[in-house]
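These notes are about the structure you will find just below.
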Amino acid sequence: MSYNRKIIQTSSYIEIYEYEKVIFTQDENIKNTKPKKERKKKRNFDELSTEEQNERLERISKTRKNSRWEVMRLVDTNFDKKTSFLTLTTKENIQDRNKFNLLFDKFIKRLNYKIFNSKKRLLKYLAVLEKQKRGAWHVHIMLFDFPFVPQHDLVKVWGLGGVWINKIDVDSKSNRGRYVSKYFEKGIGQELLESYGKKSFYSSRNLKKPEILKFVTFEETEDIIKHNEVLYETEYSGKIFKNGELLENRIKYKKIKID
């Protein structure tokens, strides 16, 4: 597959990426025939050389940015009038991330069963783990198409500490992203730095995904822009690997509001 134009559409906006050079992606069948590289044991940040630390921080910065955009797109695509925001904390100072993650997953299963009376995962959610100052983990969860559940019932289902829930009431579609950034961005960055190699966020498999189109064209995008407001646009330099060389690839980006 090759492309020099990528369009991503959510419920309220369209993103257009225009690449100066055509990008050629590797065929999956060819990719799968390559011998698997032996996995190296992941080293802690402090075990790396200064150069390796800088490289990892650069990768984390890029991944953090990509994860933030991915989360915002998922929120915008799935947001509805029954979207709620839930935060869970623990009385016990749980500093083991894997232990907390297991407790969080069990909570999702119990909550799912309480609402749908089924073991089939029907709950729609997006979540980010975050560390408190005392070192304990807690979690922020965005719940989509979520029915009213009394807080005391949620406290019973969680059973490990504090529960805070509120319906998300934003005055405009554009404010959804700001709401997400406020609560999720810190957790995403922290996860990537302190839990390198782990997921930066969690989401249920039943969420609607934004529509993504990739194709080759040399036509302008004026028809898309003509009747819609441009929310943001920029131009920056990316990289492309071609014929054994790492080349600069200029990228034009536009974010357009859908009326």
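Chain labels follow the order of the structure tokens: the first chain is A, the next B, and so on; residue numbering restarts at 1 in every chain, and ligands are counted from 1 in their shown order.
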
(message) I'd like the contact shell of segment 121-135 of chain A - 10 Å cut-off, only C-alpha atoms, skipping same-chain residues fewer than 6 positions apart - returned as a PyMOL selection string.
(response) chain A and resi 71+74-75+78+83-89+93-97+100-101+104+108-109+111-113+115+141-146+183-191+194+199-208

(request) Considering only C-alpha atoms, return as an MDAnalysis selection string whatever protein or nucleic-acid residues lie within 10 Å of segment 149-152 of chain A, sequence-local ones (same chain, fewer than 3 positions apart) excluded. (result) chainID A and resid 111 114:115 146 155:158 163:166

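Of note, atom CA of Tyr13 of chain A and atom CA of Lys252 of chain A are spaced 16.5 Å apart.
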
(request) Determine the nearest neighbour of Glu70 of chain A from the options A:Leu154, A:Ile8, A:Val230, A:Ile23, counting only C-alpha atoms. (result) A:Ile8

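One finds atom CA of Ser12 of chain A at 9.6 Å from atom CA of Arg73 of chain A.
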
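You will find atom CA of Val139 of chain A at 17.4 Å from atom CA of Met72 of chain A.
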
(request) Taking the DSSP assignment computed from this structure's backbone, write out as a list of chain:residue names all residues of segment 109-166 of chain A that belong to strand (DSSP E). (result) A:Lys124, A:Tyr125, A:Leu126, A:Ala127, A:Val128, A:Leu129, A:Glu130, A:Lys131, A:Trp137, A:His138, A:Val139, A:His140, A:Ile141, A:Met142, A:Leu143, A:Phe144, A:Val163, A:Trp164, A:Ile165, A:Asn166
